[in-house]
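Listing of my_file.txt, compact mmCIF, C-alpha atoms
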# COMPACT_ATOMS: atom_id res chain seq x y z
CA MET A 1 -18.29 65.84 -38.31
CA GLN A 2 -18.20 65.23 -42.06
CA LEU A 3 -20.93 63.00 -43.45
CA ASN A 4 -20.57 60.55 -46.32
CA LYS A 5 -23.49 59.13 -48.28
CA THR A 6 -23.02 56.44 -50.92
CA TYR A 7 -25.37 55.44 -53.73
CA LYS A 8 -24.62 52.36 -55.83
CA GLU A 9 -26.28 51.15 -58.99
CA GLY A 10 -24.55 48.82 -61.44
CA ILE A 11 -21.38 50.49 -62.68
CA ALA A 12 -22.15 53.80 -60.96
CA THR A 13 -21.10 54.58 -57.40
CA LEU A 14 -21.68 58.08 -56.10
CA ASP A 15 -20.13 59.34 -52.87
CA VAL A 16 -21.39 62.61 -51.45
CA TYR A 17 -19.49 64.41 -48.68
CA GLY A 18 -20.91 67.24 -46.61
CA LEU A 19 -21.98 68.69 -43.29
CA PRO A 20 -25.32 69.39 -41.62
CA ASP A 21 -26.34 73.03 -41.84
CA ASN A 22 -27.08 73.84 -38.19
CA SER A 23 -28.28 77.33 -39.06
CA LEU A 24 -31.18 75.72 -40.94
CA GLY A 25 -31.87 73.28 -38.10
CA HIS A 26 -30.75 70.13 -39.93
CA ASP A 27 -30.31 67.00 -37.85
CA TYR A 28 -26.92 65.29 -37.51
CA ASP A 29 -27.59 62.92 -40.44
CA THR A 30 -28.65 65.50 -43.05
CA VAL A 31 -26.21 66.93 -45.56
CA GLY A 32 -27.07 70.63 -45.77
CA ILE A 33 -23.67 71.83 -46.95
CA LEU A 34 -22.47 69.66 -49.83
CA LEU A 35 -18.68 69.92 -49.85
CA SER A 36 -17.70 67.51 -52.61
CA TRP A 37 -18.74 64.38 -54.48
CA LYS A 38 -17.10 61.54 -56.37
CA LEU A 39 -18.78 59.51 -59.10
CA THR A 40 -17.07 56.28 -60.06
CA LEU A 41 -18.16 54.74 -63.34
CA ILE A 42 -16.47 51.35 -63.17
CA GLY A 43 -14.34 50.70 -66.24
CA LEU A 44 -14.91 54.21 -67.57
CA THR A 45 -13.84 57.11 -65.37
CA VAL A 46 -13.97 58.82 -61.98
CA LEU A 47 -15.59 62.25 -61.75
CA GLU A 48 -15.23 64.70 -58.88
CA GLY A 49 -16.47 68.20 -58.27
CA LYS A 50 -18.42 70.74 -56.28
CA LYS A 51 -22.11 71.00 -55.52
CA GLU A 52 -22.88 73.07 -58.67
CA HIS A 53 -21.30 70.44 -60.90
CA LEU A 54 -23.39 67.69 -59.32
CA VAL A 55 -26.59 69.73 -59.69
CA ASN A 56 -25.77 70.28 -63.38
CA LEU A 57 -24.96 66.59 -63.88
CA VAL A 58 -28.24 65.52 -62.27
CA TYR A 59 -30.21 67.99 -64.40
CA VAL A 60 -28.56 66.88 -67.66
CA ILE A 61 -28.76 63.12 -67.04
CA ILE A 62 -32.36 63.12 -65.79
CA SER A 63 -33.49 65.37 -68.67
CA TYR A 64 -31.69 63.20 -71.19
CA SER A 65 -33.20 60.01 -69.74
CA HIS A 66 -36.61 61.56 -70.12
CA CYS A 67 -35.84 62.34 -73.76
CA CYS A 68 -34.64 58.76 -74.32
CA ILE A 69 -37.76 57.21 -72.78
CA SER A 70 -39.88 59.53 -74.95
CA GLY A 71 -38.00 58.37 -78.07
CA GLN A 72 -36.40 61.76 -78.72
CA ASN A 73 -32.74 62.04 -79.64
CA GLU A 74 -32.01 65.48 -78.27
CA SER A 75 -28.67 66.76 -77.08
CA ILE A 76 -28.97 68.13 -73.53
CA SER A 77 -26.73 70.71 -71.82
CA ASP A 78 -26.92 72.73 -68.65
CA LYS A 79 -27.01 76.55 -68.65
CA THR A 80 -23.24 76.90 -68.31
CA ASN A 81 -22.54 74.21 -70.92
CA SER A 82 -20.28 72.38 -68.47
CA VAL A 83 -22.15 69.09 -68.93
CA ASN A 84 -23.47 67.88 -72.26
CA ILE A 85 -24.86 64.56 -73.39
CA SER A 86 -25.89 63.54 -76.88
CA ARG A 87 -26.65 60.37 -78.77
CA VAL A 88 -23.90 58.91 -80.92
CA LYS A 89 -23.68 55.70 -82.93
CA GLU A 90 -21.90 53.84 -80.10
CA GLY A 91 -24.30 55.00 -77.39
CA HIS A 92 -24.45 58.25 -75.43
CA LEU A 93 -21.57 60.72 -75.39
CA LEU A 94 -21.18 62.50 -72.06
CA LYS A 95 -18.93 65.55 -72.30
CA LEU A 96 -17.73 67.41 -69.22
CA THR A 97 -16.04 70.77 -69.68
CA SER A 98 -13.96 72.16 -66.86
CA SER A 99 -14.31 75.80 -65.83
CA LYS A 100 -10.50 75.96 -65.61
CA LYS A 101 -8.87 77.03 -68.89
CA HIS A 102 -5.92 74.65 -68.91
CA VAL A 103 -8.01 71.53 -68.25
CA ASP A 104 -9.20 69.59 -71.29
CA SER A 105 -12.80 68.48 -71.50
CA LEU A 106 -13.53 64.87 -70.62
CA THR A 107 -15.65 62.63 -72.81
CA VAL A 108 -17.20 59.32 -71.78
CA THR A 109 -19.26 57.06 -74.02
CA LEU A 110 -22.00 55.20 -72.17
CA ASP A 111 -24.03 52.33 -73.57
CA ASP A 112 -27.76 52.02 -72.82
CA ALA A 113 -27.15 49.83 -69.75
CA GLU A 114 -24.61 52.27 -68.31
CA LEU A 115 -26.94 55.21 -68.91
CA ALA A 116 -29.71 53.36 -67.08
CA ASP A 117 -27.33 52.60 -64.18
CA LEU A 118 -26.28 56.23 -63.92
CA THR A 119 -29.89 57.44 -64.09
CA ARG A 120 -31.00 55.03 -61.36
CA CYS A 121 -28.03 56.06 -59.20
CA LEU A 122 -28.90 59.76 -59.55
CA ASP A 123 -32.58 58.93 -58.90
CA LYS A 124 -31.53 57.47 -55.54
CA LEU A 125 -29.61 60.64 -54.73
CA GLN A 126 -32.57 62.87 -55.64
CA ALA A 127 -34.99 60.76 -53.61
CA ASP A 128 -32.82 60.79 -50.49
CA ASN A 129 -34.30 63.20 -47.95
CA ARG A 130 -31.01 63.25 -46.05
CA ILE A 131 -29.50 65.43 -48.78
CA ALA A 132 -30.98 68.91 -48.35
CA VAL A 133 -30.30 70.22 -51.84
CA ASN A 134 -32.89 71.72 -54.18
CA TRP A 135 -32.51 69.48 -57.18
CA PRO A 136 -33.83 70.79 -60.49
CA ASP A 137 -36.98 69.05 -61.69
CA PRO A 138 -36.52 68.79 -65.45
CA LEU A 139 -39.09 66.03 -65.72
CA ARG A 140 -41.93 68.26 -64.62
CA ALA A 141 -40.83 71.10 -66.89
CA VAL A 142 -40.57 68.82 -69.92
CA SER A 143 -43.88 67.15 -69.16
CA LEU A 144 -45.78 70.39 -68.83
CA ARG A 145 -44.11 71.89 -71.88
CA ASN A 146 -44.96 68.84 -73.97
CA ASN A 147 -48.59 68.92 -72.97
CA PHE A 148 -49.17 72.65 -72.85
CA TYR A 149 -48.34 73.59 -76.41
CA ILE A 150 -50.43 72.36 -79.30
CA LYS A 151 -48.30 70.02 -81.32
CA PRO A 152 -48.30 69.95 -85.14
CA ALA A 153 -49.75 66.43 -84.90
CA ASP A 154 -52.75 67.78 -82.94
CA ILE A 155 -53.33 70.49 -85.56
CA ARG A 156 -53.26 67.83 -88.28
CA ASN A 157 -55.95 65.92 -86.38
CA LEU A 158 -58.18 69.01 -86.53
CA ILE A 159 -57.97 69.40 -90.32
CA ASN A 160 -60.63 66.78 -91.16
CA PRO A 161 -63.38 67.94 -88.75
CA VAL A 162 -62.80 71.61 -89.62
CA ALA A 163 -62.97 70.83 -93.36
CA GLY A 164 -66.17 68.79 -92.83
CA ILE A 165 -67.94 71.50 -90.85
CA SER A 166 -66.89 74.18 -93.37
CA PHE A 167 -68.26 72.07 -96.23
CA LEU A 168 -71.58 71.61 -94.40
CA PHE A 169 -71.99 75.36 -93.85
CA LEU A 170 -71.01 76.13 -97.44
CA THR A 171 -73.58 73.67 -98.82
CA ALA A 172 -76.30 75.09 -96.53
CA PHE A 173 -75.44 78.64 -97.62
CA LEU A 174 -75.58 77.70 -101.31
CA PHE A 175 -78.96 75.97 -100.95
CA ILE A 176 -80.42 78.96 -99.12
CA ASN A 177 -79.27 81.32 -101.89
CA LEU A 178 -80.14 79.01 -104.77
CA PRO A 179 -82.21 80.93 -107.41
CA THR A 180 -85.64 79.35 -107.97
CA ASN A 181 -88.16 79.60 -110.89
CA THR A 182 -91.16 80.45 -108.73
CA PRO A 183 -93.00 83.67 -109.79
CA PRO A 184 -92.73 86.73 -107.59
CA PHE A 185 -95.12 86.84 -104.68
CA GLN A 186 -98.64 88.17 -105.44
CA SER A 187 -101.38 88.80 -102.98
CA THR A 188 -104.76 87.03 -103.34
CA GLU A 189 -106.49 90.28 -104.28
CA GLU A 190 -104.02 90.90 -107.10
CA LEU A 191 -104.56 87.37 -108.42
CA ILE A 192 -108.37 87.82 -108.34
CA ASP A 193 -108.05 91.16 -110.15
CA LYS A 194 -105.82 89.57 -112.79
CA LYS A 195 -108.22 86.67 -113.31
CA GLU A 196 -111.22 88.99 -113.57
CA SER A 197 -109.44 91.21 -116.08
CA SER A 198 -108.46 88.20 -118.18
CA ILE A 199 -112.09 86.96 -118.17
CA ARG A 200 -113.27 90.42 -119.22
CA ASN A 201 -110.73 90.50 -122.02
CA ASN A 202 -111.86 87.12 -123.29
CA LYS A 203 -115.44 88.28 -123.38
CA MET B 1 -61.70 67.88 -75.84
CA ILE B 2 -60.71 68.83 -72.33
CA GLU B 3 -57.40 67.78 -70.87
CA ASN B 4 -57.60 66.82 -67.25
CA GLN B 5 -54.91 66.19 -64.70
CA ALA B 6 -54.35 62.83 -63.11
CA PHE B 7 -52.42 62.05 -60.02
CA LEU B 8 -50.41 58.90 -59.63
CA LYS B 9 -48.25 58.40 -56.58
CA ASP B 10 -44.69 57.17 -56.75
CA SER B 11 -42.86 55.03 -54.21
CA SER B 12 -42.22 58.02 -51.94
CA ASN B 13 -45.96 58.80 -52.00
CA LYS B 14 -45.25 61.97 -53.99
CA GLU B 15 -47.98 62.87 -56.44
CA LEU B 16 -47.01 62.57 -60.06
CA ASN B 17 -48.49 65.24 -62.24
CA ILE B 18 -49.53 63.89 -65.62
CA ILE B 19 -51.73 65.60 -68.14
CA ARG B 20 -54.06 63.07 -69.70
CA PRO B 21 -55.96 63.60 -72.90
CA GLY B 22 -59.68 63.44 -72.18
CA HIS B 23 -62.30 61.28 -73.77
CA LEU B 24 -64.43 62.84 -76.50
CA PHE B 25 -68.09 61.76 -76.17
CA GLY B 26 -66.93 58.57 -74.45
CA MET B 27 -64.62 57.63 -77.30
CA GLN B 28 -60.91 57.08 -76.78
CA SER B 29 -58.71 59.57 -78.54
CA SER B 30 -55.86 58.34 -80.70
CA LYS B 31 -53.45 59.41 -77.93
CA TRP B 32 -55.11 56.96 -75.51
CA ARG B 33 -55.11 54.14 -78.03
CA LYS B 34 -51.42 54.70 -78.81
CA ALA B 35 -50.60 54.77 -75.09
CA ILE B 36 -52.43 51.47 -74.47
CA GLU B 37 -50.64 50.02 -77.49
CA LYS B 38 -47.32 51.13 -75.98
CA ILE B 39 -48.15 49.67 -72.54
CA ASP B 40 -49.12 46.33 -74.09
CA PHE B 41 -45.91 46.18 -76.14
CA LEU B 42 -43.87 46.89 -72.99
CA PHE B 43 -45.70 44.06 -71.18
CA LEU B 44 -44.96 41.78 -74.15
CA THR B 45 -41.27 42.72 -73.87
CA LEU B 46 -41.28 41.67 -70.22
CA GLU B 47 -42.99 38.40 -71.15
CA ALA B 48 -40.37 37.82 -73.85
CA LEU B 49 -37.63 38.29 -71.24
CA ASP B 50 -39.14 35.71 -68.93
CA VAL B 51 -41.81 33.15 -69.81
CA ASN B 52 -43.13 33.17 -66.23
CA THR B 53 -43.65 36.93 -66.08
CA SER B 54 -47.41 36.67 -66.45
CA GLN B 55 -47.52 34.63 -63.21
CA SER B 56 -46.27 37.63 -61.24
CA PHE B 57 -48.96 40.08 -62.46
CA ALA B 58 -51.44 39.21 -59.72
CA PRO B 59 -48.99 39.25 -56.74
CA ILE B 60 -47.53 42.59 -57.88
CA SER B 61 -51.03 44.01 -58.27
CA ARG B 62 -51.83 42.91 -54.70
CA ASN B 63 -48.60 44.44 -53.37
CA LEU B 64 -49.47 47.74 -55.02
CA ASP B 65 -52.95 47.72 -53.41
CA LEU B 66 -54.68 47.46 -56.76
CA ASN B 67 -57.09 44.75 -55.62
CA GLU B 68 -60.15 46.86 -56.33
CA ILE B 69 -59.11 47.58 -59.91
CA PHE B 70 -57.56 44.21 -60.68
CA PRO B 71 -59.08 41.61 -58.33
CA ASN B 72 -57.52 38.84 -60.42
CA TYR B 73 -55.18 38.15 -63.28
CA VAL B 74 -58.02 38.08 -65.82
CA GLU B 75 -58.87 41.74 -65.14
CA ILE B 76 -55.28 42.75 -65.95
CA TRP B 77 -55.52 40.70 -69.10
CA LYS B 78 -58.82 42.33 -70.04
CA SER B 79 -57.34 45.79 -69.55
CA ARG B 80 -54.43 44.93 -71.82
CA CYS B 81 -56.92 43.78 -74.45
CA HIS B 82 -57.90 47.44 -75.00
CA ASN B 83 -54.90 47.51 -77.31
CA PRO B 84 -56.54 47.97 -80.73
CA LEU B 85 -53.86 45.86 -82.41
CA ARG B 86 -54.79 42.68 -80.54
CA ILE B 87 -56.69 39.84 -82.19
CA SER B 88 -59.28 39.91 -79.40
CA SER B 89 -59.36 43.66 -78.96
CA ARG B 90 -62.01 45.33 -76.76
CA ASN B 91 -63.80 48.28 -78.28
CA SER B 92 -64.91 49.90 -75.02
CA SER B 93 -62.81 52.63 -73.41
CA ILE B 94 -60.33 51.66 -70.72
CA SER B 95 -61.05 53.25 -67.34
CA ILE B 96 -58.59 55.80 -66.01
CA ASP B 97 -57.97 53.71 -62.87
CA SER B 98 -57.13 50.61 -64.91
CA PHE B 99 -54.82 52.61 -67.14
CA GLU B 100 -52.92 54.03 -64.16
CA GLY B 101 -52.85 50.61 -62.53
CA LEU B 102 -51.22 49.10 -65.61
CA VAL B 103 -48.57 51.86 -65.61
CA ARG B 104 -47.75 51.17 -61.96
CA ILE B 105 -47.55 47.40 -62.50
CA LEU B 106 -45.32 47.95 -65.51
CA SER B 107 -42.89 50.16 -63.59
CA THR B 108 -42.68 47.66 -60.70
CA MET B 109 -42.19 44.71 -63.03
CA SER B 110 -39.47 46.49 -65.00
CA ASN B 111 -37.67 47.11 -61.72
CA GLN B 112 -37.80 43.38 -60.95
CA ALA B 113 -36.61 42.49 -64.45
CA TYR B 114 -33.87 45.16 -64.47
CA PRO B 115 -30.88 42.73 -64.24
CA ARG B 116 -32.14 40.82 -67.32
CA ILE B 117 -32.90 44.06 -69.20
CA ARG B 118 -29.46 45.40 -68.35
CA GLU B 119 -27.80 42.23 -69.59
CA LEU B 120 -29.41 42.67 -73.01
CA LEU B 121 -28.70 46.39 -73.24
CA SER B 122 -25.05 46.12 -72.26
CA SER B 123 -22.53 46.24 -75.08
CA LYS B 124 -19.79 44.82 -72.85
CA GLY B 125 -19.09 41.12 -72.48
CA SER B 126 -18.86 38.17 -74.81
CA ASP B 127 -20.31 38.79 -78.29
CA GLN B 128 -21.39 35.18 -78.71
CA TYR B 129 -23.23 35.12 -75.39
CA SER B 130 -25.00 38.42 -76.00
CA SER B 131 -26.00 37.52 -79.58
CA GLU B 132 -27.41 34.23 -78.29
CA LYS B 133 -29.43 36.12 -75.66
CA TRP B 134 -30.61 38.64 -78.24
CA SER B 135 -31.74 36.04 -80.74
CA LYS B 136 -33.67 34.18 -78.03
CA PHE B 137 -35.34 37.38 -76.87
CA SER B 138 -36.24 38.68 -80.34
CA LEU B 139 -37.55 35.28 -81.42
CA ARG B 140 -39.80 35.05 -78.36
CA PHE B 141 -40.97 38.66 -78.80
CA ASP B 142 -41.88 38.15 -82.47
CA GLU B 143 -43.68 34.90 -81.54
CA LEU B 144 -45.72 36.76 -78.93
CA ILE B 145 -46.64 39.47 -81.43
CA THR B 146 -47.78 36.99 -84.09
CA GLU B 147 -49.63 34.96 -81.45
CA ARG B 148 -51.58 37.83 -79.90
CA MET B 149 -51.70 40.68 -82.41
CA ASN B 150 -53.79 41.00 -85.52
CA VAL B 151 -51.07 40.44 -88.11
CA SER B 152 -53.32 41.57 -90.95
CA ARG B 153 -53.12 45.12 -89.56
CA VAL B 154 -50.58 47.42 -91.16
CA SER B 155 -49.23 48.68 -87.82
CA VAL B 156 -48.42 45.13 -86.64
CA VAL B 157 -46.70 44.31 -89.94
CA LYS B 158 -44.77 47.58 -89.59
CA TYR B 159 -43.57 46.62 -86.08
CA LEU B 160 -42.59 43.12 -87.21
CA THR B 161 -40.66 44.56 -90.16
CA LYS B 162 -38.89 47.06 -87.91
CA ALA B 163 -37.98 44.26 -85.51
CA SER B 164 -36.61 42.05 -88.28
CA VAL B 165 -34.58 44.81 -89.98
CA SER B 166 -32.65 46.06 -86.95
CA LYS B 167 -32.40 45.85 -83.17
CA THR B 168 -33.54 49.48 -82.77
CA PHE B 169 -37.18 48.67 -82.00
CA HIS B 170 -36.30 46.00 -79.41
CA LYS B 171 -33.60 48.24 -77.91
CA GLN B 172 -36.02 51.17 -77.59
CA LEU B 173 -38.52 48.95 -75.76
CA LEU B 174 -35.81 47.62 -73.43
CA LEU B 175 -34.39 51.10 -72.78
CA THR B 176 -37.90 52.36 -71.99
CA LEU B 177 -38.29 49.54 -69.47
CA ALA B 178 -34.83 50.16 -67.98
CA LEU B 179 -35.59 53.85 -67.47
CA SER B 180 -39.07 53.03 -66.10
CA SER B 181 -37.51 51.06 -63.28
CA GLY B 182 -36.21 52.29 -59.96
CA ILE B 183 -37.21 55.19 -57.75
CA GLY B 184 -37.78 57.77 -60.48
CA GLY B 185 -38.95 55.25 -63.07
CA LEU B 186 -42.69 55.56 -62.51
CA ASN B 187 -42.46 59.33 -62.81
CA ARG B 188 -40.55 59.05 -66.09
CA LEU B 189 -42.87 56.41 -67.52
CA SER B 190 -46.01 58.35 -66.56
CA SER B 191 -44.86 61.55 -68.14
CA SER B 192 -43.77 59.88 -71.38
CA ILE B 193 -46.57 57.36 -71.80
CA PHE B 194 -48.40 59.42 -74.42
CA GLU B 195 -45.30 59.82 -76.55
CA PRO B 196 -45.29 57.57 -79.63
CA LEU B 197 -43.37 54.29 -79.40
CA LEU B 198 -41.12 54.87 -82.43
Output the file's structure in the form of structure tokens.
Amino acid sequence: MQLNKTYKEGIATLDVYGLPDNSLGHDYDTVGILLSWKLTLIGLTVLEGKKEHLVNLVYVIISYSHCCISGQNESISDKTNSVNISRVKEGHLLKLTSSKKHVDSLTVTLDDAELADLTRCLDKLQADNRIAVNWPDPLRAVSLRNNFYIKPADIRNLINPVAGISFLFLTAFLFINLPTNTPPFQSTEELIDKKESSIRNNK
Amino acid sequence: MIENQAFLKDSSNKELNIIRPGHLFGMQSSKWRKAIEKIDFLFLTLEALDVNTSQSFAPISRNLDLNEIFPNYVEIWKSRCHNPLRISSRNSSISIDSFEGLVRILSTMSNQAYPRIRELLSSKGSDQYSSEKWSKFSLRFDELITERMNVSRVSVVKYLTKASVSKTFHKQLLLTLALSSGIGGLNRLSSSIFEPLL
């Protein structure tokens, strides 16, 4: 029997249709085989597609939301370039390119509220254990990437301490090698001999 | 400076993996200070949306089982005062537990305030109504900044100037709150908390 799961959030309503995968031991309420989905963005458009399209959409929207919350204005696409979202003056331009040659690409402009609705709707889908799909985890990848590499800002923070320590060592080195006016070292015996000879000369 | 990993748990009890910059000889790094600054500004945005927001801090803290960290409202307030831009700023370092507690409270509160946040972010609807809402919100937000922040500091003046010139600063704060709400919100907020505000 076909299953239908619905997720609603503001203007976004997502319907997912599928079947339990008995070969993997799924219970009767778990969608293991995702047959199709329908995303209704009230007042904007209705999107439909296969499992791969939904996975790509989830990846792109969740990644883009992470960029937005981090204050970055990056354009995000999936590997096949079928879904793309970028910031435009009016909001966020979502572009969906069909794999079929004769079908034109579809563009939808979302405002901030609509983007938040869509993100929250897809969050609900990802969090639902009754959908047995391996969703991509862009958030983790972005987070680790951002923290793993040394950023230019971090390098800039190191300039002052490195310059200070270098200056300290340079000053110490110069003081150690500073030429002094002290006479060359003479042993006590040499000094006594010198003094005696000078006394003898005076006599 | 060593970076250590912290583990927050989201609503589904899944551990959230965040890398946190460590403390250097007990001093807070600039990343920490900026993050506390960001958290405090987000709290101020929530307070600007609803005057009674501060009343719900304590119940939310109790619901999230944060009684040990924040036994009362004053402790939450004291933690927020680690923001270096405040008039009555605290010089000591904020504890990791308090920091994580504030992030969790913020995510929960933004979820509660989502309908109001959405209303302001939406470009649809009557222009007159939305501009009225915006002017009320921005006025209250600027009042809160001048009331609580040290306005002689350059950063505060910079924020006030940004806010007066365009809606971008306010919109970024509201969008951050909108995306911090919901099931995946805490995860998103945690992983972006060390990113600069603007």
task = At a cut-off of 9 Å, list the chain B residues touching chain A, using all atoms listed in the file, as a ChimeraX atom specification.
result = /B:12,16-20,117-124,171-173,175-185,187-189,191-198
request  = Determine, counting all atoms listed in the file, which protein, DNA and RNA residues have an atom within 12 Å of an atom of B:Leu139; residues of the same chain fewer than 3 positions away are not included. Present the result as an NGL selection string.
outcome  = :B and (45 or 48-49 or 131-136 or 142-146 or 160 or 163-164 or 167 or 170)
message = Rounded to one decimal, what separation in Å do you get between atom CA of A:Leu35 and atom CA of A:Gln2?
response =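 Atom-to-atom, atom CA of A:Leu35 to atom CA of A:Gln2, that is 9.1 Å.
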key: Nearby residues (all atoms listed in the file) at most 12 Å from A:Asn129, same-chain spacing under 4 positions excluded, as a VMD selection string   = (chain A and resid 5 26 to 27 29 to 32 123 to 125 133 to 135) or (chain B and resid 12)
query = What separation in Å, quoted to one decimal, exists between atom CA of B:Thr53 and atom CA of B:Leu186?
reply =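 Distance between the two atoms: 19.0 Å.
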